[in-house]
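Next comes query07.cif, with mmCIF, C-alpha atoms.
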```cif
data_model
loop_
_atom_site.group_PDB
_atom_site.id
_atom_site.type_symbol
_atom_site.label_atom_id
_atom_site.label_comp_id
_atom_site.auth_asym_id
_atom_site.auth_seq_id
_atom_site.Cartn_x
_atom_site.Cartn_y
_atom_site.Cartn_z
ATOM 1 C CA MET A 1 48.224 -55.653 -31.451
ATOM 2 C CA ALA A 2 44.550 -55.733 -32.411
ATOM 3 C CA ALA A 3 43.233 -53.150 -34.845
ATOM 4 C CA ARG A 4 41.003 -50.480 -33.363
ATOM 5 C CA PRO A 5 37.283 -51.008 -33.847
ATOM 6 C CA ARG A 6 35.392 -49.091 -36.493
ATOM 7 C CA LEU A 7 31.939 -47.585 -36.169
ATOM 8 C CA LEU A 8 29.585 -47.984 -39.129
ATOM 9 C CA PHE A 9 27.039 -45.227 -39.655
ATOM 10 C CA ALA A 10 23.627 -46.175 -41.051
ATOM 11 C CA GLY A 11 22.870 -44.594 -44.429
ATOM 12 C CA ALA A 12 26.526 -43.879 -45.190
ATOM 13 C CA SER A 13 28.656 -45.661 -47.754
ATOM 14 C CA PHE A 14 31.887 -45.262 -45.865
ATOM 15 C CA LEU A 15 33.433 -46.062 -42.512
ATOM 16 C CA VAL A 16 33.818 -43.143 -40.162
ATOM 17 C CA PHE A 17 37.002 -42.821 -38.114
ATOM 18 C CA SER A 18 38.793 -45.623 -36.424
ATOM 19 C CA THR A 19 40.749 -43.150 -34.328
ATOM 20 C CA VAL A 20 39.546 -39.957 -32.679
ATOM 21 C CA LEU A 21 42.306 -37.430 -32.040
ATOM 22 C CA GLY A 22 42.355 -35.542 -28.770
ATOM 23 C CA LEU A 23 42.092 -31.769 -28.837
ATOM 24 C CA ARG A 24 45.091 -29.473 -28.365
ATOM 25 C CA LEU A 25 44.371 -25.879 -27.473
ATOM 26 C CA PHE A 26 46.522 -23.081 -28.858
ATOM 27 C CA ALA A 27 46.903 -19.472 -27.845
ATOM 28 C CA GLN A 28 47.016 -16.704 -30.439
ATOM 29 C CA ASP A 29 50.804 -17.070 -30.706
ATOM 30 C CA ASP A 30 50.325 -20.769 -31.628
ATOM 31 C CA LYS A 31 51.851 -21.988 -28.352
ATOM 32 C CA PRO A 32 50.016 -24.719 -26.449
ATOM 33 C CA LEU A 33 47.948 -23.405 -23.559
ATOM 34 C CA GLN A 34 48.831 -24.699 -20.096
ATOM 35 C CA LEU A 35 45.674 -26.143 -18.554
ATOM 36 C CA ASP A 36 45.102 -25.915 -14.829
ATOM 37 C CA VAL A 37 43.991 -28.863 -12.710
ATOM 38 C CA LYS A 38 40.391 -29.665 -13.560
ATOM 39 C CA LEU A 39 37.458 -30.670 -11.443
ATOM 40 C CA VAL A 40 37.067 -34.413 -10.929
ATOM 41 C CA SER A 41 33.362 -35.268 -11.067
ATOM 42 C CA ILE A 42 32.027 -38.439 -9.476
ATOM 43 C CA PHE A 43 28.461 -39.682 -9.667
ATOM 44 C CA VAL A 44 27.515 -41.645 -6.580
ATOM 45 C CA ASN A 45 24.594 -43.927 -5.726
ATOM 46 C CA VAL A 46 23.877 -44.918 -2.133
ATOM 47 C CA THR A 47 21.598 -47.777 -1.054
ATOM 48 C CA ASP A 48 20.943 -49.429 2.295
ATOM 49 C CA LYS A 49 21.198 -53.119 3.237
ATOM 50 C CA THR A 50 17.835 -53.848 1.618
ATOM 51 C CA GLY A 51 18.827 -52.171 -1.653
ATOM 52 C CA ALA A 52 16.594 -49.149 -1.053
ATOM 53 C CA ILE A 53 17.891 -45.815 -2.344
ATOM 54 C CA VAL A 54 19.229 -43.495 0.367
ATOM 55 C CA GLY A 55 18.255 -39.893 -0.317
ATOM 56 C CA GLY A 56 18.652 -36.784 1.773
ATOM 57 C CA LEU A 57 22.397 -37.019 2.350
ATOM 58 C CA THR A 58 24.373 -33.772 2.414
ATOM 59 C CA GLN A 59 27.889 -32.790 1.416
ATOM 60 C CA ASP A 60 29.004 -33.113 5.039
ATOM 61 C CA ASP A 61 28.021 -36.793 5.057
ATOM 62 C CA PHE A 62 30.645 -37.717 2.463
ATOM 63 C CA LYS A 63 34.413 -38.008 2.591
ATOM 64 C CA VAL A 64 36.509 -38.344 -0.578
ATOM 65 C CA PHE A 65 39.953 -39.901 -0.905
ATOM 66 C CA GLU A 66 42.225 -40.033 -3.935
ATOM 67 C CA ASP A 67 45.024 -42.575 -3.746
ATOM 68 C CA GLY A 68 44.429 -42.671 -0.011
ATOM 69 C CA ARG A 69 44.745 -38.890 0.412
ATOM 70 C CA PRO A 70 41.736 -36.864 1.671
ATOM 71 C CA GLN A 71 40.243 -34.353 -0.782
ATOM 72 C CA LYS A 72 38.108 -31.272 -0.229
ATOM 73 C CA ILE A 73 34.666 -31.422 -1.852
ATOM 74 C CA ALA A 74 34.235 -28.360 -4.081
ATOM 75 C CA HIS A 75 30.884 -29.175 -5.660
ATOM 76 C CA PHE A 76 27.891 -31.193 -4.520
ATOM 77 C CA GLU A 77 24.455 -31.902 -6.013
ATOM 78 C CA ARG A 78 21.591 -34.196 -5.114
ATOM 79 C CA GLN A 79 19.473 -35.746 -7.883
ATOM 80 C CA SER A 80 21.553 -33.943 -10.455
ATOM 81 C CA GLU A 81 19.801 -31.952 -13.155
ATOM 82 C CA MET A 82 23.008 -32.030 -15.173
ATOM 83 C CA PRO A 83 22.294 -33.006 -18.799
ATOM 84 C CA LEU A 84 22.397 -36.713 -19.479
ATOM 85 C CA ASN A 85 24.248 -38.108 -22.489
ATOM 86 C CA LEU A 86 23.366 -41.745 -23.005
ATOM 87 C CA THR A 87 24.345 -44.284 -25.628
ATOM 88 C CA LEU A 88 22.075 -47.305 -25.844
ATOM 89 C CA ALA A 89 24.067 -50.230 -27.256
ATOM 90 C CA ILE A 90 22.031 -53.306 -28.186
ATOM 91 C CA ASP A 91 23.395 -56.716 -29.110
ATOM 92 C CA THR A 92 21.909 -57.869 -32.439
ATOM 93 C CA SER A 93 24.082 -60.947 -32.934
ATOM 94 C CA SER A 94 22.590 -64.281 -33.957
ATOM 95 C CA SER A 95 22.151 -65.435 -30.364
ATOM 96 C CA THR A 96 19.762 -62.569 -29.583
ATOM 97 C CA PHE A 97 17.550 -62.814 -32.674
ATOM 98 C CA LYS A 98 14.532 -64.329 -30.900
ATOM 99 C CA ASP A 99 14.421 -61.447 -28.390
ATOM 100 C CA ARG A 100 14.820 -58.609 -30.893
ATOM 101 C CA GLY A 101 11.166 -57.518 -30.932
ATOM 102 C CA ILE A 102 11.026 -57.524 -27.130
ATOM 103 C CA GLU A 103 14.251 -55.504 -26.974
ATOM 104 C CA GLN A 104 12.878 -52.924 -29.414
ATOM 105 C CA GLN A 105 9.670 -52.369 -27.480
ATOM 106 C CA ALA A 106 11.364 -52.248 -24.077
ATOM 107 C CA ALA A 107 14.001 -49.827 -25.390
ATOM 108 C CA LYS A 108 11.304 -47.524 -26.805
ATOM 109 C CA LYS A 109 9.538 -47.383 -23.435
ATOM 110 C CA PHE A 110 12.882 -46.571 -21.796
ATOM 111 C CA VAL A 111 13.576 -43.733 -24.236
ATOM 112 C CA HIS A 112 10.106 -42.220 -23.791
ATOM 113 C CA ALA A 113 10.330 -42.353 -19.988
ATOM 114 C CA LEU A 114 13.884 -41.092 -19.597
ATOM 115 C CA ILE A 115 14.706 -38.362 -22.103
ATOM 116 C CA ARG A 116 14.220 -34.745 -21.002
ATOM 117 C CA PRO A 117 14.703 -31.627 -23.177
ATOM 118 C CA GLN A 118 18.278 -31.177 -21.900
ATOM 119 C CA ASP A 119 19.257 -34.819 -22.504
ATOM 120 C CA ARG A 120 20.703 -36.483 -25.593
ATOM 121 C CA MET A 121 20.762 -40.146 -26.585
ATOM 122 C CA SER A 122 22.327 -42.168 -29.369
ATOM 123 C CA VAL A 123 21.567 -45.740 -30.414
ATOM 124 C CA ILE A 124 24.090 -48.280 -31.666
ATOM 125 C CA GLN A 125 23.737 -51.952 -32.478
ATOM 126 C CA PHE A 126 26.568 -54.445 -32.365
ATOM 127 C CA ASN A 127 27.020 -57.858 -33.909
ATOM 128 C CA THR A 128 30.152 -58.666 -35.898
ATOM 129 C CA TYR A 129 30.423 -54.901 -36.427
ATOM 130 C CA VAL A 130 29.291 -51.800 -34.543
ATOM 131 C CA ASP A 131 26.689 -49.730 -36.352
ATOM 132 C CA GLU A 132 25.299 -46.347 -35.298
ATOM 133 C CA LEU A 133 21.532 -46.210 -35.849
ATOM 134 C CA THR A 134 20.872 -42.742 -34.407
ATOM 135 C CA GLY A 135 23.271 -39.962 -33.449
ATOM 136 C CA PHE A 136 22.864 -37.950 -30.254
ATOM 137 C CA THR A 137 19.429 -36.359 -30.168
ATOM 138 C CA ASN A 138 16.448 -35.733 -27.892
ATOM 139 C CA ASN A 139 14.020 -36.278 -30.766
ATOM 140 C CA ILE A 140 11.948 -39.263 -29.637
ATOM 141 C CA ALA A 141 10.703 -40.030 -33.157
ATOM 142 C CA LEU A 142 14.274 -40.275 -34.472
ATOM 143 C CA LEU A 143 15.284 -42.565 -31.621
ATOM 144 C CA ASP A 144 12.238 -44.770 -32.238
ATOM 145 C CA ARG A 145 13.114 -44.941 -35.919
ATOM 146 C CA GLY A 146 16.652 -45.993 -35.108
ATOM 147 C CA LEU A 147 15.422 -48.793 -32.857
ATOM 148 C CA GLU A 148 13.051 -49.977 -35.585
ATOM 149 C CA HIS A 149 16.037 -50.401 -37.922
ATOM 150 C CA MET A 150 17.788 -52.910 -35.684
ATOM 151 C CA ARG A 151 19.120 -55.734 -37.833
ATOM 152 C CA GLY A 152 21.945 -58.173 -37.510
ATOM 153 C CA ALA A 153 23.444 -61.624 -37.213
ATOM 154 C CA GLY A 154 26.863 -63.134 -36.716
ATOM 155 C CA GLY A 155 29.214 -62.546 -33.802
ATOM 156 C CA THR A 156 29.223 -60.244 -30.780
ATOM 157 C CA ALA A 157 31.637 -57.292 -30.829
ATOM 158 C CA LEU A 158 30.845 -56.339 -27.239
ATOM 159 C CA TYR A 159 34.179 -54.728 -26.386
ATOM 160 C CA ASP A 160 34.298 -52.847 -29.702
ATOM 161 C CA ALA A 161 30.875 -51.408 -28.807
ATOM 162 C CA ILE A 162 32.105 -50.295 -25.382
ATOM 163 C CA TYR A 163 35.270 -48.791 -26.866
ATOM 164 C CA LEU A 164 33.451 -46.820 -29.556
ATOM 165 C CA GLY A 165 30.448 -45.923 -27.405
ATOM 166 C CA SER A 166 32.746 -44.533 -24.712
ATOM 167 C CA ARG A 167 34.744 -42.498 -27.219
ATOM 168 C CA GLY A 168 31.549 -40.974 -28.582
ATOM 169 C CA LEU A 169 30.366 -40.057 -25.088
ATOM 170 C CA GLY A 170 33.733 -38.604 -24.136
ATOM 171 C CA ARG A 171 33.312 -35.663 -26.500
ATOM 172 C CA ARG A 172 30.131 -34.520 -24.738
ATOM 173 C CA GLU A 173 29.516 -32.410 -21.625
ATOM 174 C CA GLY A 174 27.521 -33.629 -18.632
ATOM 175 C CA ARG A 175 26.786 -37.119 -17.362
ATOM 176 C CA LYS A 176 27.843 -39.893 -19.703
ATOM 177 C CA VAL A 177 26.124 -43.260 -19.619
ATOM 178 C CA LEU A 178 26.524 -46.370 -21.758
ATOM 179 C CA VAL A 179 23.663 -48.884 -21.470
ATOM 180 C CA LEU A 180 24.583 -52.332 -22.797
ATOM 181 C CA VAL A 181 21.957 -54.937 -23.647
ATOM 182 C CA SER A 182 23.510 -58.331 -24.386
ATOM 183 C CA ASP A 183 23.509 -61.997 -23.423
ATOM 184 C CA GLY A 184 27.191 -61.640 -22.504
ATOM 185 C CA GLY A 185 30.398 -62.681 -24.161
ATOM 186 C CA ASP A 186 32.620 -61.128 -26.815
ATOM 187 C CA THR A 187 33.116 -63.407 -29.833
ATOM 188 C CA VAL A 188 34.895 -61.015 -32.209
ATOM 189 C CA LYS A 189 38.674 -60.682 -32.198
ATOM 190 C CA GLY A 190 39.115 -56.952 -31.702
ATOM 191 C CA THR A 191 39.182 -54.748 -28.642
ATOM 192 C CA SER A 192 40.216 -56.416 -25.390
ATOM 193 C CA TYR A 193 38.347 -56.222 -22.093
ATOM 194 C CA GLU A 194 41.175 -54.113 -20.638
ATOM 195 C CA ASP A 195 41.084 -51.597 -23.509
ATOM 196 C CA ALA A 196 37.293 -51.352 -23.328
ATOM 197 C CA LEU A 197 37.402 -50.654 -19.587
ATOM 198 C CA GLU A 198 40.187 -48.096 -19.995
ATOM 199 C CA GLN A 199 38.213 -46.196 -22.635
ATOM 200 C CA ALA A 200 35.124 -46.140 -20.430
ATOM 201 C CA LEU A 201 37.137 -44.740 -17.500
ATOM 202 C CA ARG A 202 39.058 -42.254 -19.642
ATOM 203 C CA ASN A 203 35.825 -40.906 -21.118
ATOM 204 C CA GLU A 204 33.917 -40.964 -17.791
ATOM 205 C CA ALA A 205 31.287 -43.321 -19.176
ATOM 206 C CA MET A 206 29.187 -45.126 -16.569
ATOM 207 C CA ILE A 207 28.239 -48.567 -17.856
ATOM 208 C CA TYR A 208 24.845 -50.081 -17.085
ATOM 209 C CA SER A 209 24.717 -53.729 -18.152
ATOM 210 C CA ILE A 210 21.396 -55.398 -18.903
ATOM 211 C CA ILE A 211 22.179 -59.101 -19.195
ATOM 212 C CA ASP A 212 19.558 -60.785 -21.345
ATOM 213 C CA VAL A 213 19.886 -64.563 -21.046
ATOM 214 C CA PRO A 214 17.033 -66.997 -21.761
ATOM 215 C CA ILE A 215 16.591 -68.488 -18.281
ATOM 216 C CA GLU A 216 18.708 -68.383 -15.155
ATOM 217 C CA ALA A 217 19.768 -72.042 -15.236
ATOM 218 C CA SER A 218 20.011 -72.581 -19.006
ATOM 219 C CA ALA A 219 22.859 -74.699 -20.339
ATOM 220 C CA GLY A 220 25.467 -73.113 -22.585
ATOM 221 C CA ARG A 221 25.355 -69.683 -20.958
ATOM 222 C CA ASP A 222 28.529 -67.625 -21.253
ATOM 223 C CA VAL A 223 28.972 -67.024 -17.536
ATOM 224 C CA GLY A 224 32.393 -65.490 -18.149
ATOM 225 C CA GLY A 225 30.864 -62.920 -20.485
ATOM 226 C CA GLU A 226 28.153 -62.129 -17.951
ATOM 227 C CA HIS A 227 30.793 -61.638 -15.263
ATOM 228 C CA ALA A 228 32.688 -59.233 -17.545
ATOM 229 C CA MET A 229 29.534 -57.145 -18.047
ATOM 230 C CA ILE A 230 28.961 -57.064 -14.278
ATOM 231 C CA THR A 231 32.561 -56.045 -13.558
ATOM 232 C CA LEU A 232 32.557 -53.326 -16.221
ATOM 233 C CA ALA A 233 29.504 -51.804 -14.547
ATOM 234 C CA GLU A 234 31.069 -52.008 -11.086
ATOM 235 C CA GLN A 235 34.369 -50.445 -12.195
ATOM 236 C CA THR A 236 32.713 -47.467 -13.894
ATOM 237 C CA GLY A 237 30.120 -46.668 -11.203
ATOM 238 C CA GLY A 238 27.146 -48.128 -13.042
ATOM 239 C CA LYS A 239 25.133 -51.222 -12.244
ATOM 240 C CA SER A 240 24.120 -54.547 -13.778
ATOM 241 C CA PHE A 241 20.696 -56.132 -14.048
ATOM 242 C CA TYR A 242 19.472 -59.504 -15.284
ATOM 243 C CA ALA A 243 16.538 -59.295 -17.669
ATOM 244 C CA PHE A 244 15.004 -62.514 -16.293
ATOM 245 C CA GLU A 245 14.451 -60.714 -12.962
ATOM 246 C CA GLY A 246 11.260 -58.945 -13.991
ATOM 247 C CA GLY A 247 11.854 -58.719 -17.730
ATOM 248 C CA LEU A 248 13.540 -56.121 -19.929
ATOM 249 C CA ASP A 249 10.956 -53.462 -19.054
ATOM 250 C CA LYS A 250 11.860 -53.779 -15.384
ATOM 251 C CA ALA A 251 15.592 -53.747 -16.124
ATOM 252 C CA PHE A 252 15.284 -50.519 -18.123
ATOM 253 C CA GLN A 253 13.126 -49.033 -15.356
ATOM 254 C CA ASN A 254 15.831 -49.871 -12.818
ATOM 255 C CA VAL A 255 18.437 -48.080 -14.935
ATOM 256 C CA SER A 256 16.199 -45.014 -15.197
ATOM 257 C CA GLU A 257 15.593 -44.891 -11.436
ATOM 258 C CA ASP A 258 19.289 -45.302 -10.706
ATOM 259 C CA LEU A 259 20.207 -42.380 -12.946
ATOM 260 C CA ARG A 260 17.613 -40.147 -11.311
ATOM 261 C CA THR A 261 18.903 -40.697 -7.774
ATOM 262 C CA GLN A 262 22.587 -39.900 -8.081
ATOM 263 C CA TYR A 263 24.710 -37.542 -6.012
ATOM 264 C CA MET A 264 27.333 -35.558 -7.871
ATOM 265 C CA ILE A 265 30.554 -34.872 -5.975
ATOM 266 C CA GLY A 266 33.333 -32.756 -7.430
ATOM 267 C CA TYR A 267 36.826 -31.939 -6.166
ATOM 268 C CA TYR A 268 40.087 -30.415 -7.375
ATOM 269 C CA PRO A 269 42.861 -32.987 -6.830
ATOM 270 C CA ARG A 270 45.536 -32.025 -4.342
ATOM 271 C CA SER A 271 48.647 -33.692 -2.944
ATOM 272 C CA GLN A 272 48.887 -35.999 -5.933
ATOM 273 C CA GLU A 273 51.735 -38.460 -6.172
ATOM 274 C CA PRO A 274 53.947 -37.479 -9.149
ATOM 275 C CA GLY A 275 54.066 -39.907 -12.058
ATOM 276 C CA ARG A 276 50.917 -41.822 -11.208
ATOM 277 C CA GLU A 277 48.816 -42.448 -14.319
ATOM 278 C CA PHE A 278 45.656 -43.859 -12.732
ATOM 279 C CA HIS A 279 44.196 -42.297 -9.590
ATOM 280 C CA ARG A 280 41.989 -44.446 -7.365
ATOM 281 C CA ILE A 281 38.948 -42.920 -5.700
ATOM 282 C CA GLU A 282 37.260 -43.949 -2.463
ATOM 283 C CA ILE A 283 34.131 -42.356 -1.043
ATOM 284 C CA THR A 284 32.900 -43.032 2.470
ATOM 285 C CA ILE A 285 30.081 -41.945 4.775
ATOM 286 C CA PRO A 286 31.885 -41.787 8.141
ATOM 287 C CA ARG A 287 28.778 -41.432 10.321
ATOM 288 C CA ALA A 288 27.285 -44.673 9.009
ATOM 289 C CA ALA A 289 27.928 -47.991 10.704
ATOM 290 C CA PRO A 290 30.227 -50.328 8.743
ATOM 291 C CA ASN A 291 28.435 -52.085 5.848
ATOM 292 C CA SER A 292 25.187 -50.211 6.480
ATOM 293 C CA PHE A 293 25.386 -48.466 3.100
ATOM 294 C CA ASN A 294 26.409 -49.645 -0.352
ATOM 295 C CA ILE A 295 28.219 -46.762 -2.063
ATOM 296 C CA ARG A 296 28.717 -47.054 -5.837
ATOM 297 C CA HIS A 297 31.009 -44.880 -7.942
ATOM 298 C CA LYS A 298 33.760 -45.230 -10.520
ATOM 299 C CA THR A 299 36.960 -46.742 -9.163
ATOM 300 C CA GLY A 300 39.177 -43.939 -10.427
ATOM 301 C CA TYR A 301 40.347 -41.908 -13.405
ATOM 302 C CA TYR A 302 43.320 -41.406 -15.716
ATOM 303 C CA GLY A 303 45.025 -38.099 -14.982
ATOM 304 C CA ASP A 304 45.772 -37.253 -18.586
ATOM 305 C CA SER A 305 42.111 -37.718 -19.532
ATOM 306 C CA LEU A 306 41.240 -34.547 -17.605
ATOM 307 C CA LYS A 307 43.625 -32.401 -19.608
ATOM 308 C CA GLY A 308 42.972 -33.719 -23.092
ATOM 309 C CA ARG A 309 45.465 -35.902 -24.849
ATOM 310 C CA GLU A 310 46.592 -36.884 -28.322
ATOM 311 C CA ASP A 311 46.583 -40.618 -29.104
#
```

Write-out of the structure in structure tokens:
Amino acid sequence: MAARPRLLFAGASFLVFSTVLGLRLFAQDDKPLQLDVKLVSIFVNVTDKTGAIVGGLTQDDFKVFEDGRPQKIAHFERQSEMPLNLTLAIDTSSSTFKDRGIEQQAAKKFVHALIRPQDRMSVIQFNTYVDELTGFTNNIALLDRGLEHMRGAGGTALYDAIYLGSRGLGRREGRKVLVLVSDGGDTVKGTSYEDALEQALRNEAMIYSIIDVPIEASAGRDVGGEHAMITLAEQTGGKSFYAFEGGLDKAFQNVSEDLRTQYMIGYYPRSQEPGREFHRIEITIPRAAPNSFNIRHKTGYYGDSLKGRED
């Protein structure tokens, strides 16, 4: 079994946690509190056949199913003002060295355009190790400073970055987004793809993958790694973009626009099948003709992740 990844904090002389313990609540008599069923929150993006964003939909337009069973929508928002918690994870391995200055400038523009007073962002870099450059903050100057300290070489601990980034987001309230910038491919023996995906789903982290490869038809591309980044985005309700389609600036702009045009749908699960660990979610728009809309959302959730758990 592979060791859990460790997150290195800039300016510290020690490694900070390789395991984050879940919280257990206790009543005054030291007995565990029994938690009721919690709201399942799903962030949904809807586009038409041309890829244009579909706005103006109402709660009555949507139907929600969990494990094939219909659910009653209890909460609905358009263009959610819910606080945004975002971790920007940038690949600084040897293969990305030539693009580092471009990545820094594009990331700074993204930060300046996206962050509102209620939002918080952190910045991590990953190469052979995962290193936190800036903790969660809405201070633009601090985020800029973190991006300016990007350094690195060596391998690509992509799945370690997803694992640790998701765990960090999971402790926060509101929307949780992990933006990955990489040329694709994990070259460090550590976290597996399956464990990285599970942590993202357990911590409700939407993954947005910005795939930064030199040119579309270049030899030696890690197509398998690119496919993994695309699938991780699809499974968690995010989206993937290629940097060569308009450049990194355009890719970051696309992420920003996508986050600003989300519907938030919430429901309290009912008629659940006992013993099922992972619950699959399906959202439809019944009035629409088949295939007229593309509806994006996370594929499901782990039931114990709603109640808090101890690893």

Checklist entry - Which residue, A:Phe244, A:Tyr159, A:Phe76, A:Phe136, has the smallest gap to Gly185 (chain A) when you use all atoms listed in the file? => result A:Tyr159

Checklist entry - A:Thr187, A:Gln59, A:Ser122, A:Thr47: which is nearest Ser95 (chain A), counting all atoms listed in the file? => result A:Thr187

Next on the checklist: Report as JSON, numbers by chain all protein, DNA and RNA residues lying within 12 Å of Ile53 (chain A), evaluated on only C-alpha atoms, omitting residues in the same chain fewer than 2 positions from it.
Outcome noted: {"A": [44, 45, 46, 47, 48, 49, 50, 51, 55, 56, 57, 79, 254, 257, 258, 259, 260, 261, 262, 263, 293, 294, 295, 296]}

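Here the PyMOL selection byres ((chain A and resi 161) around 10) matches the residues Pro5, Arg6, Leu7, Ala89, Ile90, Asp91, Ile124, Gln125, Phe126, Asn127, Tyr129, Val130, Asp131, Glu132, Thr156, Ala157, Leu158, Tyr159, Asp160, Ile162, Tyr163, Leu164, Gly165, Ser166, Arg167, Leu178, Leu180, Thr191 and Ala196 of chain A.
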
Item to check | Point-to-point distance from CA of Ala228 (chain A) to CA of Val111 (chain A), Å rounded to tenths | outcome: 25.5 Å

Checklist entry - Rounded to one decimal in Å, what is the spacing between CA of Glu148 (chain A) and CA of Glu226 (chain A)? => result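 Rounded to one decimal, the two atoms are 26.2 Å apart.
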
Checklist entry - Which residue out of A:Ser240, A:Gln235, A:Asn291, A:Thr92 has the minimum interatomic distance to His149 (chain A) when all atoms listed in the file are used? => result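 Among the listed residues, the smallest separation from His149 (chain A) belongs to A:Thr92.
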
Item to check | Which of A:Pro83, A:Gly238, A:Gly225, A:Gly146 sits closest to Arg116 (chain A) [using all atoms listed in the file] | outcome: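 Ranking A:Pro83, A:Gly238, A:Gly225, A:Gly146 by distance to Arg116 (chain A), first place goes to A:Pro83.
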
Checklist entry - Expressed in Å to a single decimal, how great is the separation between CA of Glu198 (chain A) and CA of Phe252 (chain A)? => result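 These two atoms are separated by 25.1 Å.
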
Next on the checklist: If we count only C-alpha atoms and set the cut-off at 7 Å, which residues sit around Gly174 (chain A), ignoring sequence neighbours fewer than 6 positions away in its own chain? Please answer as a ChimeraX atom specification.
Outcome noted: /A:82-85

Checklist entry - Got a sec: who's within 9 Å of Pro70 (chain A), counting all atoms listed in the file, leaving out chain neighbours fewer than 5 positions off, as JSON, numbers by chain? => result {"A": [63, 64, 65, 270, 271]}

Can those selected residues be exported to a file as a short mmCIF file (atom, residue, chain, number, x, y, z; two decimals), in the frame of the given file so that it contains C-alpha atoms?
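So result_27.cif came out as:
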```
data_model
loop_
_atom_site.label_atom_id
_atom_site.label_comp_id
_atom_site.auth_asym_id
_atom_site.auth_seq_id
_atom_site.Cartn_x
_atom_site.Cartn_y
_atom_site.Cartn_z
CA LYS A 63 34.41 -38.01 2.59
CA VAL A 64 36.51 -38.34 -0.58
CA PHE A 65 39.95 -39.90 -0.90
CA ARG A 270 45.54 -32.02 -4.34
CA SER A 271 48.65 -33.69 -2.94
#
```

Listed atoms of region 168-182 of chain A boxed along x, y and z, 3 Å each side, centre and edge lengths in Å, one decimal, as AutoDock Vina command-line options:
```
--center_x 27.8 --center_y -45.4 --center_z -23.0 --size_x 17.8 --size_y 31.9 --size_z 17.2
```

Next on the checklist: With the PyMOL selection byres ((chain A and resi 42) around 10) as the selection, what would be picked from this file? Answer as a list of chain:residue names, please.
Outcome noted: A:Leu39, A:Val40, A:Ser41, A:Phe43, A:Val44, A:Asn45, A:Val64, A:Phe76, A:Arg175, A:Glu204, A:Gly237, A:Gln262, A:Tyr263, A:Met264, A:Ile265, A:Gly266, A:Tyr267, A:Ile281, A:Ile283, A:Arg296, A:His297, A:Lys298, A:Thr299, A:Gly300, A:Tyr301

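Nearest to Glu273 (chain A) of all the residues A:Gly247, A:Pro290, A:Pro117, A:Gly303 is A:Gly303, based on only C-alpha atoms.
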
Checklist entry - Hey, which of A:Ser182, A:Asn138, A:Thr87, A:Gln71 ends up closest to Arg100 (chain A)? Count only C-alpha atoms. => result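 Nearest candidate to Arg100 (chain A) out of A:Ser182, A:Asn138, A:Thr87, A:Gln71: A:Ser182.
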